[in-house]
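> Got a structure here, written out as structure tokens. Questions coming.
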Amino acid sequence: MPSYAVIACGKCGGYLLAKTDQKTRTCPYCGSKILLEKARKVASAKTANEASVLLRRIKEKAAKAKEG
Ligand SMILES: [Zn+2]
């Protein structure tokens, strides 16, 4: 069972890390409360380190997509 997930904020679309045993997270970008069970999971990982690497990659990809 993966215990970390990269989720997307439903309000601003920003990506953040969450532990899957948490119920809610506050978005660091827009401050809205995110329900983990309803959030869009972009990736999952077993360790915090793995999750942070994934998050960085996803952010880079998103930044590139914006540039076109
Ligand atoms: Zn947000």
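Chains: A, B, ... in order of the structure tokens. Residues: from 1 per chain. Ligands: from 1, in order shown.
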Sorted by chain and rising residue number, list the residues of chain A at most 12 Å from ligand 1 (counting only C-alpha atoms and all ligand atoms), each with its closest atom pair and distance in Å to one decimal, as CSV.


residue,atom,partner,partner_atom_place_in_ligand_line,distance
A:Ile7,CA,ligand 1,1 (Zn),10.4
A:Ala8,CA,ligand 1,1 (Zn),7.9
A:Cys9,CA,ligand 1,1 (Zn),4.6
A:Gly10,CA,ligand 1,1 (Zn),6.6
A:Lys11,CA,ligand 1,1 (Zn),5.1
A:Cys12,CA,ligand 1,1 (Zn),4.1
A:Gly13,CA,ligand 1,1 (Zn),5.9
A:Gly14,CA,ligand 1,1 (Zn),5.4
A:Tyr15,CA,ligand 1,1 (Zn),8.0
A:Leu16,CA,ligand 1,1 (Zn),8.9
A:Arg25,CA,ligand 1,1 (Zn),10.1
A:Thr26,CA,ligand 1,1 (Zn),7.9
A:Cys27,CA,ligand 1,1 (Zn),4.6
A:Pro28,CA,ligand 1,1 (Zn),6.7
A:Tyr29,CA,ligand 1,1 (Zn),5.0
A:Cys30,CA,ligand 1,1 (Zn),4.2
A:Gly31,CA,ligand 1,1 (Zn),6.1
A:Ser32,CA,ligand 1,1 (Zn),5.7
A:Lys33,CA,ligand 1,1 (Zn),8.1
A:Ile34,CA,ligand 1,1 (Zn),8.2
A:Leu35,CA,ligand 1,1 (Zn),11.8
A:Ala39,CA,ligand 1,1 (Zn),11.1

> Would you mind exporting C-alpha atoms of the selected residues as a PDB file, in the first residue's frame?


ATOM      1  CA  ILE A   7      -2.645  15.245  -5.373  1.00  0.00           C
ATOM      2  CA  ALA A   8      -4.000  18.152  -7.357  1.00  0.00           C
ATOM      3  CA  CYS A   9      -5.887  20.942  -5.654  1.00  0.00           C
ATOM      4  CA  GLY A  10      -9.432  21.078  -7.019  1.00  0.00           C
ATOM      5  CA  LYS A  11      -9.507  24.845  -6.708  1.00  0.00           C
ATOM      6  CA  CYS A  12      -6.228  26.109  -8.108  1.00  0.00           C
ATOM      7  CA  GLY A  13      -4.825  22.943  -9.701  1.00  0.00           C
ATOM      8  CA  GLY A  14      -1.583  23.153  -7.751  1.00  0.00           C
ATOM      9  CA  TYR A  15       0.211  19.932  -6.894  1.00  0.00           C
ATOM     10  CA  LEU A  16       1.011  18.930  -3.357  1.00  0.00           C
ATOM     11  CA  ARG A  25      -4.783  18.887   3.526  1.00  0.00           C
ATOM     12  CA  THR A  26      -4.601  22.613   3.171  1.00  0.00           C
ATOM     13  CA  CYS A  27      -3.418  23.746  -0.226  1.00  0.00           C
ATOM     14  CA  PRO A  28      -0.139  25.680   0.168  1.00  0.00           C
ATOM     15  CA  TYR A  29      -0.960  27.783  -2.898  1.00  0.00           C
ATOM     16  CA  CYS A  30      -4.535  28.950  -2.394  1.00  0.00           C
ATOM     17  CA  GLY A  31      -5.226  27.894   1.199  1.00  0.00           C
ATOM     18  CA  SER A  32      -8.323  25.860   0.428  1.00  0.00           C
ATOM     19  CA  LYS A  33      -9.068  22.674   2.305  1.00  0.00           C
ATOM     20  CA  ILE A  34      -8.716  19.527   0.240  1.00  0.00           C
ATOM     21  CA  LEU A  35     -10.527  16.306   1.052  1.00  0.00           C
ATOM     22  CA  ALA A  39      -8.895  14.883  -4.594  1.00  0.00           C
TER      23      ALA A  39
END

> Check the DSSP output for the backbone and give back, as a PyMOL selection string, the residues of chain A in strand (DSSP E or B).

chain A and resi 4-8+15-19+24-26+33-35+40-45

> Give me, as an MDAnalysis selection string, the residues of chain A that a backbone DSSP run labels helix (DSSP H, G or I).

chainID A and resid 48:67

> Determine the nearest neighbour of Lys38 in chain A from the options A:Ile58, A:Gly68, A:Thr20, A:Ser3, counting only C-alpha atoms.

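Closest candidate: A:Thr20.
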
> Can you pull out every residue within 7 Å of Tyr4 in chain A, counting only C-alpha atoms, but drop anything in the same chain fewer than 3 positions away, and send it as a ChimeraX atom specification?

/A:18-20,44-48,51

> The selected residues should be written to file as a PDB file, in the first residue's frame (atoms: C-alpha atoms).


ATOM      1  CA  ALA A  18      -0.233  14.188   1.103  1.00  0.00           C
ATOM      2  CA  LYS A  19       0.002  11.225   3.391  1.00  0.00           C
ATOM      3  CA  THR A  20      -2.761   8.836   2.479  1.00  0.00           C
ATOM      4  CA  SER A  44       1.439   7.603  -5.379  1.00  0.00           C
ATOM      5  CA  ALA A  45       4.590   6.574  -3.580  1.00  0.00           C
ATOM      6  CA  LYS A  46       5.726   4.420  -0.692  1.00  0.00           C
ATOM      7  CA  THR A  47       8.146   6.841   0.911  1.00  0.00           C
ATOM      8  CA  ALA A  48       8.246  10.573   1.519  1.00  0.00           C
ATOM      9  CA  ALA A  51       6.865  11.224  -3.263  1.00  0.00           C
TER      10      ALA A  51
END

> Report, in Å with one decimal, the straight-line distance from CA of Val6 in chain A to CA of Arg57 in chain A.

10.8 Å
